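Below: target-v4.txt (compact mmCIF, C-alpha atoms and all ligand atoms)
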# COMPACT_ATOMS: atom_id res chain seq x y z
CA HIS A 1 0.00 0.00 0.00
CA GLY A 2 1.76 3.13 -1.25
CA LEU A 3 -0.09 5.51 1.01
CA GLU A 4 0.77 3.43 4.10
CA LEU A 5 4.49 3.70 3.38
CA ASP A 6 4.04 7.41 2.75
CA LEU A 7 2.28 7.72 6.09
CA ARG A 8 5.23 6.13 7.90
CA LEU A 9 7.71 8.33 6.05
CA GLY A 10 5.52 11.38 6.62
CA LEU A 11 5.65 10.83 10.37
CA GLU A 12 9.44 10.58 10.28
CA ARG A 13 9.78 13.59 8.01
CA GLY A 14 7.45 15.82 9.96
CA GLU A 15 4.92 16.33 7.16
CA PHE A 16 1.95 16.70 9.51
CA ALA A 17 0.61 19.96 10.86
CA LEU A 18 -2.23 21.05 13.09
CA HIS A 19 -4.83 23.57 12.07
CA TYR A 20 -7.01 25.17 14.72
CA GLN A 21 -10.65 26.22 14.67
CA PRO A 22 -11.99 28.51 17.40
CA ILE A 23 -14.86 27.63 19.73
CA VAL A 24 -16.43 30.77 21.20
CA THR A 25 -19.04 31.69 23.80
CA ALA A 26 -22.47 32.12 22.19
CA ALA A 27 -23.14 35.34 24.10
CA GLU A 28 -19.90 37.32 23.67
CA ARG A 29 -18.06 35.38 20.95
CA ARG A 30 -15.09 35.14 23.28
CA VAL A 31 -12.67 32.34 22.30
CA VAL A 32 -12.69 29.62 24.98
CA CYS A 33 -11.21 26.70 23.07
CA ARG A 34 -9.50 25.79 19.81
CA GLU A 35 -10.07 22.43 18.11
CA ALA A 36 -6.94 20.87 16.61
CA LEU A 37 -7.47 19.31 13.16
CA VAL A 38 -4.62 17.40 11.61
CA ARG A 39 -3.35 18.13 8.08
CA TRP A 40 -0.87 16.24 5.94
CA HIS A 41 1.38 18.18 3.60
CA HIS A 42 2.37 15.37 1.26
CA PRO A 43 5.47 16.14 -0.89
CA THR A 44 3.76 15.19 -4.19
CA ARG A 45 0.04 14.72 -3.43
CA GLY A 46 -0.21 18.13 -1.78
CA LEU A 47 -2.59 18.70 1.11
CA VAL A 48 -4.21 15.36 2.02
CA PRO A 49 -7.41 15.72 4.10
CA PRO A 50 -7.75 13.66 7.31
CA ALA A 51 -10.68 11.67 5.88
CA SER A 52 -8.19 10.17 3.39
CA PHE A 53 -5.55 9.06 5.89
CA ILE A 54 -7.06 8.73 9.39
CA PRO A 55 -8.91 5.50 8.44
CA LEU A 56 -5.68 4.10 6.97
CA ALA A 57 -3.74 5.14 10.08
CA GLU A 58 -6.37 3.30 12.15
CA GLU A 59 -6.16 0.11 10.07
CA THR A 60 -2.38 0.01 10.15
CA GLY A 61 -1.98 0.91 13.80
CA LEU A 62 -0.05 4.06 12.85
CA ILE A 63 -2.79 6.08 14.54
CA ASP A 64 -1.06 5.56 17.89
CA ARG A 65 2.14 7.26 16.75
CA LEU A 66 0.28 9.93 14.81
CA GLY A 67 -2.09 10.46 17.74
CA ALA A 68 0.79 10.81 20.18
CA TRP A 69 2.38 13.42 17.94
CA ILE A 70 -0.94 15.32 17.66
CA LEU A 71 -1.39 15.33 21.45
CA ARG A 72 2.18 16.50 22.08
CA ARG A 73 1.92 19.22 19.48
CA ALA A 74 -1.51 20.44 20.59
CA CYS A 75 -0.52 20.58 24.28
CA ARG A 76 2.73 22.37 23.49
CA ASP A 77 0.89 24.91 21.31
CA ALA A 78 -1.84 25.49 23.91
CA ALA A 79 0.64 25.91 26.77
CA ALA A 80 1.90 29.02 24.97
CA TRP A 81 -1.56 30.62 24.63
CA PRO A 82 -1.59 33.47 27.12
CA ASP A 83 -5.36 33.51 27.62
CA GLY A 84 -5.66 30.09 29.30
CA THR A 85 -8.08 28.81 26.66
CA ARG A 86 -8.62 25.08 26.11
CA VAL A 87 -7.44 22.91 23.26
CA ALA A 88 -9.65 20.13 21.86
CA VAL A 89 -8.07 17.03 20.31
CA ASN A 90 -10.00 14.42 18.30
CA VAL A 91 -9.32 10.82 19.22
CA SER A 92 -10.37 7.80 17.13
CA ALA A 93 -12.18 4.82 18.58
CA ALA A 94 -9.13 2.73 17.61
CA GLN A 95 -6.94 4.83 19.91
CA VAL A 96 -9.25 4.32 22.85
CA ARG A 97 -9.69 0.61 22.21
CA HIS A 98 -6.12 -0.56 22.06
CA GLY A 99 -3.89 2.44 21.96
CA PRO A 100 -1.45 3.53 24.65
CA LEU A 101 -3.52 6.68 24.92
CA ILE A 102 -3.11 7.33 28.65
CA ALA A 103 0.68 7.34 28.38
CA ALA A 104 0.50 9.66 25.37
CA VAL A 105 -1.78 12.11 27.20
CA GLN A 106 0.32 12.01 30.36
CA GLY A 107 3.50 12.53 28.34
CA ALA A 108 2.02 15.45 26.42
CA LEU A 109 0.78 17.12 29.62
CA ARG A 110 4.07 16.59 31.46
CA GLU A 111 6.24 17.81 28.57
CA SER A 112 4.14 20.91 27.92
CA GLY A 113 3.21 21.76 31.51
CA LEU A 114 -0.38 22.31 30.27
CA ARG A 115 -2.98 22.17 33.03
CA PRO A 116 -5.03 18.98 32.44
CA ASP A 117 -8.36 20.82 32.45
CA ARG A 118 -7.19 22.85 29.46
CA LEU A 119 -7.11 19.67 27.36
CA GLU A 120 -10.38 18.32 25.99
CA ILE A 121 -10.45 14.92 24.27
CA GLU A 122 -13.21 14.54 21.64
CA ILE A 123 -14.64 11.09 20.99
CA THR A 124 -17.61 10.06 18.84
CA GLU A 125 -20.47 7.63 19.25
CA SER A 126 -18.61 5.18 16.98
CA LEU A 127 -16.75 4.07 20.12
CA PRO A 128 -18.65 1.51 22.22
CA ILE A 129 -18.13 2.67 25.83
CA GLU A 130 -17.70 -0.60 27.64
CA GLY A 131 -14.95 -2.67 29.23
CA GLU A 132 -11.46 -1.31 28.68
CA ALA A 133 -12.63 1.72 26.73
CA ALA A 134 -14.80 2.83 29.65
CA ASP A 135 -11.93 2.30 32.11
CA LEU A 136 -9.57 4.26 29.90
CA LEU A 137 -11.94 7.21 29.54
CA MET A 138 -12.49 7.30 33.31
CA ALA A 139 -8.73 7.19 33.87
CA LEU A 140 -8.32 10.16 31.52
CA ARG A 141 -11.00 12.03 33.40
CA ARG A 142 -9.26 11.29 36.72
CA LEU A 143 -6.16 12.96 35.28
CA GLY A 144 -8.33 16.08 35.09
CA VAL A 145 -8.69 16.00 31.30
CA ARG A 146 -12.09 17.00 29.89
CA ILE A 147 -13.98 14.52 27.70
CA ALA A 148 -16.25 15.76 24.91
CA LEU A 149 -18.81 13.82 22.88
CA ASP A 150 -18.40 14.95 19.27
CA ASP A 151 -21.05 14.89 16.49
CA PHE A 152 -23.76 14.17 19.06
CA GLY A 153 -27.00 12.88 17.57
CA THR A 154 -25.58 11.18 14.49
CA GLY A 155 -25.04 7.72 16.01
CA TYR A 156 -27.60 5.03 16.72
CA SER A 157 -27.34 5.21 20.50
CA SER A 158 -27.07 8.88 21.43
CA LEU A 159 -29.15 8.81 24.60
CA SER A 160 -27.75 5.59 26.02
CA TYR A 161 -24.31 7.04 25.34
CA LEU A 162 -25.01 9.91 27.72
CA ARG A 163 -25.95 7.39 30.39
CA ARG A 164 -22.65 5.52 30.08
CA PHE A 165 -20.21 8.33 30.67
CA PRO A 166 -20.13 11.74 32.41
CA PHE A 167 -19.15 13.91 29.44
CA ASP A 168 -17.85 17.39 30.20
CA THR A 169 -18.99 18.70 26.82
CA ILE A 170 -21.65 17.60 24.33
CA LYS A 171 -21.11 18.88 20.79
CA ILE A 172 -24.36 18.89 18.84
CA ASP A 173 -23.69 17.73 15.30
CA ARG A 174 -23.77 20.36 12.60
CA SER A 175 -26.59 18.61 10.73
CA PHE A 176 -28.94 19.82 13.50
CA ILE A 177 -27.63 23.38 13.21
CA ALA A 178 -28.03 23.37 9.42
CA ASP A 179 -31.72 22.57 10.00
CA ILE A 180 -32.31 24.63 13.16
CA ALA A 181 -34.79 26.94 11.37
CA ASP A 182 -37.16 23.95 11.46
CA PRO A 183 -39.21 24.09 14.70
CA GLY A 184 -38.94 20.34 15.24
CA THR A 185 -35.15 20.39 14.97
CA ALA A 186 -34.98 23.45 17.25
CA ALA A 187 -37.06 21.54 19.82
CA ILE A 188 -34.56 18.65 19.73
CA VAL A 189 -31.65 21.07 20.26
CA ARG A 190 -33.53 22.66 23.16
CA ALA A 191 -34.13 19.24 24.73
CA VAL A 192 -30.45 18.25 24.38
CA VAL A 193 -29.49 21.54 26.04
CA GLY A 194 -31.85 20.68 28.90
CA ILE A 195 -30.34 17.21 29.31
CA GLY A 196 -26.82 18.65 29.17
CA ALA A 197 -27.64 21.21 31.86
CA GLN A 198 -28.98 18.49 34.15
CA LEU A 199 -25.82 16.46 33.57
CA GLY A 200 -23.57 19.47 34.17
CA ALA A 201 -22.17 19.37 30.64
CA THR A 202 -21.23 22.26 28.39
CA ILE A 203 -23.28 22.28 25.18
CA THR A 204 -21.50 23.28 21.99
CA ALA A 205 -23.34 23.89 18.72
CA GLU A 206 -21.20 22.84 15.75
CA GLY A 207 -21.27 24.14 12.21
CA ILE A 208 -22.63 27.66 12.78
CA GLU A 209 -22.36 29.44 9.42
CA THR A 210 -24.89 32.28 9.67
CA GLU A 211 -26.02 34.94 12.15
CA ASP A 212 -29.50 33.38 12.08
CA GLN A 213 -28.10 30.01 13.13
CA LEU A 214 -26.12 31.69 15.91
CA ALA A 215 -29.24 33.48 17.15
CA ALA A 216 -31.22 30.23 17.10
CA ALA A 217 -28.49 28.22 18.87
CA GLN A 218 -28.28 30.93 21.53
CA ARG A 219 -32.05 31.06 21.87
CA GLU A 220 -32.15 27.28 22.46
CA GLY A 221 -29.50 27.63 25.18
CA CYS A 222 -26.23 26.49 23.60
CA THR A 223 -23.41 28.07 25.60
CA GLU A 224 -20.54 27.53 23.19
CA VAL A 225 -20.55 27.66 19.40
CA GLN A 226 -18.20 26.67 16.58
CA GLY A 227 -18.35 27.13 12.84
CA TYR A 228 -17.25 29.03 9.78
CA LEU A 229 -19.05 32.16 11.04
CA PHE A 230 -16.33 32.53 13.66
CA GLY A 231 -13.46 30.96 11.78
CA LYS A 232 -12.37 28.02 9.64
CA PRO A 233 -9.55 25.71 10.71
CA VAL A 234 -6.32 27.65 10.06
CA PRO A 235 -2.63 27.26 10.90
CA LEU A 236 -1.67 28.55 14.34
CA GLU A 237 0.08 31.61 12.88
CA ALA A 238 -3.25 32.75 11.42
O1 LIG A 301 -10.72 18.99 9.24
P1 LIG A 301 -11.67 18.10 8.50
O2 LIG A 301 -13.05 18.65 8.36
O3 LIG A 301 -11.15 17.66 7.15
O4 LIG A 301 -11.79 16.79 9.40
C1 LIG A 301 -12.52 15.70 8.99
C2 LIG A 301 -12.54 14.68 10.09
O5 LIG A 301 -11.24 14.15 10.35
C3 LIG A 301 -13.01 15.24 11.43
O6 LIG A 301 -14.37 15.15 11.54
C4 LIG A 301 -12.32 14.36 12.42
O7 LIG A 301 -13.19 13.31 12.80
C5 LIG A 301 -11.12 13.81 11.70
N1 LIG A 301 -9.92 14.39 12.29
C6 LIG A 301 -9.39 15.61 12.09
N2 LIG A 301 -8.29 15.80 12.83
C7 LIG A 301 -8.14 14.66 13.55
C8 LIG A 301 -7.17 14.23 14.52
O8 LIG A 301 -6.25 14.96 14.90
N3 LIG A 301 -7.31 12.97 15.01
C9 LIG A 301 -8.32 12.14 14.63
N4 LIG A 301 -8.37 10.93 15.17
N5 LIG A 301 -9.25 12.52 13.73
C10 LIG A 301 -9.16 13.76 13.20
O1 LIG A 302 -16.10 15.67 13.21
P1 LIG A 302 -15.50 16.96 13.65
O2 LIG A 302 -16.49 17.82 14.37
O3 LIG A 302 -14.23 16.82 14.43
O4 LIG A 302 -15.16 17.73 12.30
C1 LIG A 302 -14.55 18.99 12.32
C2 LIG A 302 -14.64 19.53 10.93
O5 LIG A 302 -15.92 20.09 10.67
C3 LIG A 302 -13.66 20.65 10.69
O6 LIG A 302 -12.44 20.18 10.28
C4 LIG A 302 -14.31 21.46 9.61
O7 LIG A 302 -13.81 21.16 8.34
C5 LIG A 302 -15.76 21.09 9.69
N1 LIG A 302 -16.50 22.29 10.04
C6 LIG A 302 -16.26 23.12 11.08
N2 LIG A 302 -17.12 24.16 11.09
C7 LIG A 302 -17.92 23.99 10.02
C8 LIG A 302 -18.98 24.76 9.47
O8 LIG A 302 -19.38 25.80 9.98
N3 LIG A 302 -19.56 24.26 8.35
C9 LIG A 302 -19.14 23.12 7.76
N4 LIG A 302 -19.78 22.73 6.64
N5 LIG A 302 -18.13 22.37 8.25
C10 LIG A 302 -17.51 22.80 9.36
MN MN A 303 -14.30 17.31 16.58
NA NA A 304 -18.22 17.25 14.91
Could you render the structure from this file as structure tokens?
Ligand code: G
Ligand code: G
Ligand code: MN
Ligand code: NA
Amino acid sequence: HGLELDLRLGLERGEFALHYQPIVTAAERRVVCREALVRWHHPTRGLVPPASFIPLAEETGLIDRLGAWILRRACRDAAAWPDGTRVAVNVSAAQVRHGPLIAAVQGALRESGLRPDRLEIEITESLPIEGEAADLLMALRRLGVRIALDDFGTGYSSLSYLRRFPFDTIKIDRSFIADIADPGTAAIVRAVVGIGAQLGATITAEGIETEDQLAAAQREGCTEVQGYLFGKPVPLEA
């Protein structure tokens, strides 16, 4: 597999970079977090999007090394942010299932000196929270790291998921925001906000692209928002 070899070489040659997308308060649009999104600057293929190499990295087990690099880089970057904002890092189900994720998180925190509660790990409903995965997530949480549920509402088991783990943040999938002008969809968002409040979780609305969507998300009670309206993923310098 040509791309697999390239992936290995790319890790050695430092071809990966992190882009960051801001997450802001709904009320004041104050930046509270930045989500790290990995990019691959391939020498001949150009910019390869994560959807084209994350699945391959998962299949080949390279995700553990790539994931460790992402965590180290994100924590080091965030430690230098003077405003004490959080950094969010996406983690694949494969990393939680069999990866040495705890050691990677601990190493990244120790090396960077980042306070654990400034790191938020994003997982999706594609990860069954049971057995070792549940233990690992709880261990992360005991380190003081925040755990976010990404793309909430797109899986087949959204509600039972909330029962299985005390998430610090629930990110409502952008498909709900795209359709929030519909009263039925707005009612679902409102209900999720209510559940989140009872559980003590922060509710983030993803994929806000227009002022109308922002107004609606705010009206339904979302406290944090993310989307192209506030900024696309960009290199740290930007
Ligand atoms: O940035 P972009 O919209 O191309 O990201 C597409 C998807 O790739 C995201 O939804 C996310 O699930 C995944 N992704 C992006 N960055 C990372 C990362 O650092 N680690 C993992 N595991 N997945 C990522
Ligand atoms: O699955 P995850 O939420 O991690 O995916 C993050 C990706 O979602 C980002 O890399 C970005 O490309 C995409 N994204 C972020 N904000 C918006 C938005 O406002 N509109 C759309 N269409 N995509 C977005
Ligand atoms: Mn995410
Ligand atoms: Na998402």
Would you mind listing, for every residue of chain A within 9 Å of ligand LIG 302 (chain A), the two atoms forming the shortest contact and the distance between them in Å to one decimal, using all atoms listed in the file, sorted by chain and ascending residue number, as a tab-separated table?
residue	atom	partner	partner_atom	distance
A:His19	CA	A:LIG302	O6	8.5
A:Tyr20	CA	A:LIG302	O6	8.6
A:Gln21	CA	A:LIG302	C6	7.3
A:Glu35	CA	A:LIG302	O3	7.9
A:Ala36	CA	A:LIG302	O6	8.4
A:Leu37	CA	A:LIG302	O6	5.8
A:Val38	CA	A:LIG302	O6	8.4
A:Pro50	CA	A:LIG302	O6	8.6
A:Val89	CA	A:LIG302	O3	8.5
A:Asn90	CA	A:LIG302	O3	6.2
A:Glu122	CA	A:LIG302	O3	7.6
A:Ile123	CA	A:LIG302	O3	8.7
A:Thr124	CA	A:LIG302	O1	8.1
A:Asp150	CA	A:LIG302	O2	6.0
A:Asp151	CA	A:LIG302	O2	5.8
A:Lys171	CA	A:LIG302	O2	8.0
A:Asp173	CA	A:LIG302	O2	7.3
A:Arg174	CA	A:LIG302	N3	7.1
A:Ser175	CA	A:LIG302	N4	8.9
A:Ala178	CA	A:LIG302	N3	8.6
A:Glu206	CA	A:LIG302	N2	6.3
A:Gly207	CA	A:LIG302	O8	3.4
A:Ile208	CA	A:LIG302	O8	4.7
A:Glu209	CA	A:LIG302	O8	4.7
A:Thr210	CA	A:LIG302	O8	8.5
A:Gln226	CA	A:LIG302	N2	6.1
A:Gly227	CA	A:LIG302	O8	3.3
A:Tyr228	CA	A:LIG302	O8	3.9
A:Leu229	CA	A:LIG302	O8	6.5
A:Phe230	CA	A:LIG302	O8	8.3
A:Gly231	CA	A:LIG302	N2	7.8
A:Lys232	CA	A:LIG302	N2	6.3
A:Pro233	CA	A:LIG302	O6	6.3
Worksheet entry | Given only C-alpha atoms and all ligand atoms as the counted atoms, nearest of A:Arg141, A:Arg73, A:Arg164, A:Arg34 to ligand MN 303 (chain A) |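 Under the stated criterion, the closest residue is A:Arg34.
Straight-line separation from atom CA of A:Gly155 to atom CA of A:Gln198: 21.5 Å.
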Worksheet item: For A:Pro183, which residue out of A:Leu143, A:Val105, A:Leu71, A:Ala216 is the nearest one, using only C-alpha atoms?
Response: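 Using only C-alpha atoms, A:Pro183 sits closest to A:Ala216.
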Worksheet item: What's the 12 Å shell around A:Arg30, counting all atoms listed in the file, without same-chain residues fewer than 3 positions away, as a list of chain:residue names?
Response: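 With the cut-off at 12 Å, the set is A:Pro22, A:Ile23, A:Val24, A:Thr25, A:Ala26, A:Ala27, A:Cys33, A:Arg34, A:Asp83, A:Thr85, A:Thr223, A:Glu224, A:Val225, A:Gln226, A:Phe230.
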Save out the residues we just selected, C-alpha atoms, as a JSON list (two decimals), keeping the file's coordinate frame.
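And here is the file that came out, part.json:
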[["chain", "number", "residue", "atom", "x", "y", "z"],
["A", 22, "PRO", "CA", -11.99, 28.51, 17.40],
["A", 23, "ILE", "CA", -14.86, 27.63, 19.73],
["A", 24, "VAL", "CA", -16.43, 30.77, 21.20],
["A", 25, "THR", "CA", -19.04, 31.69, 23.80],
["A", 26, "ALA", "CA", -22.47, 32.12, 22.19],
["A", 27, "ALA", "CA", -23.14, 35.34, 24.10],
["A", 33, "CYS", "CA", -11.21, 26.70, 23.07],
["A", 34, "ARG", "CA", -9.50, 25.79, 19.81],
["A", 83, "ASP", "CA", -5.36, 33.51, 27.62],
["A", 85, "THR", "CA", -8.08, 28.81, 26.66],
["A", 223, "THR", "CA", -23.41, 28.07, 25.60],
["A", 224, "GLU", "CA", -20.54, 27.53, 23.19],
["A", 225, "VAL", "CA", -20.55, 27.66, 19.40],
["A", 226, "GLN", "CA", -18.20, 26.67, 16.58],
["A", 230, "PHE", "CA", -16.33, 32.53, 13.66]]
Practice prompt. Would you list the contacts of stretch 10-15 of chain A as a PyMOL selection string, taking every protein, DNA or RNA residue within 9 Å and counting all atoms listed in the file, but skipping same-chain residues closer than 3 positions in sequence?
Written response: chain A and resi 5-7+39-43+65-66+69
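Relative to atom O4 of ligand LIG 301 (chain A), atom CA of A:Ile172 is found at 15.9 Å.
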Worksheet item: Between atom CA of A:Cys75 and atom CA of A:Ser112, what is the spacing in Å?
Response: 5.9 Å
Work out where the centre of an axis-aligned box around every listed atom of ligand LIG 301 (chain A) lies and how long its edges are once 6 Å is added on each side; give both in Å to one decimal as JSON.
{"center_x": -10.3, "center_y": 15.0, "center_z": 11.2, "size_x": 20.1, "size_y": 20.1, "size_z": 20.0}
Discussion item. As a PyMOL selection string, please: the residues near stretch 186-191 of chain A (cut-off 10 Å, all atoms listed in the file, same-chain neighbours under 5 positions excluded).
Written reply: chain A and resi 153+172-173+176-177+179-181+196-197+203+205+216-222
Those same residues, written as a tab-separated table (two decimals), in the coordinates of the input with C-alpha atoms?
chain	number	residue	atom	x	y	z
A	153	GLY	CA	-27.00	12.88	17.57
A	172	ILE	CA	-24.36	18.89	18.84
A	173	ASP	CA	-23.69	17.73	15.30
A	176	PHE	CA	-28.94	19.82	13.50
A	177	ILE	CA	-27.63	23.38	13.21
A	179	ASP	CA	-31.72	22.57	10.00
A	180	ILE	CA	-32.31	24.63	13.16
A	181	ALA	CA	-34.79	26.94	11.37
A	196	GLY	CA	-26.82	18.65	29.17
A	197	ALA	CA	-27.64	21.21	31.86
A	203	ILE	CA	-23.28	22.28	25.18
A	205	ALA	CA	-23.34	23.89	18.72
A	216	ALA	CA	-31.22	30.23	17.10
A	217	ALA	CA	-28.49	28.22	18.87
A	218	GLN	CA	-28.28	30.93	21.53
A	219	ARG	CA	-32.05	31.06	21.87
A	220	GLU	CA	-32.15	27.28	22.46
A	221	GLY	CA	-29.50	27.63	25.18
A	222	CYS	CA	-26.23	26.49	23.60
Discussion item. I'd like the contact shell of A:Pro166 - 10 Å cut-off, all atoms listed in the file, skipping same-chain residues fewer than 4 positions apart - returned as a ChimeraX atom specification.
Written reply: /A:137-138,141,146-149,161-162,199-201
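Among A:Ala68, A:Ile170, A:Ala238, A:Leu140, the residue with the shortest atom-to-atom distance to ligand LIG 301 (chain A), counting only C-alpha atoms and all ligand atoms, is A:Ala68.
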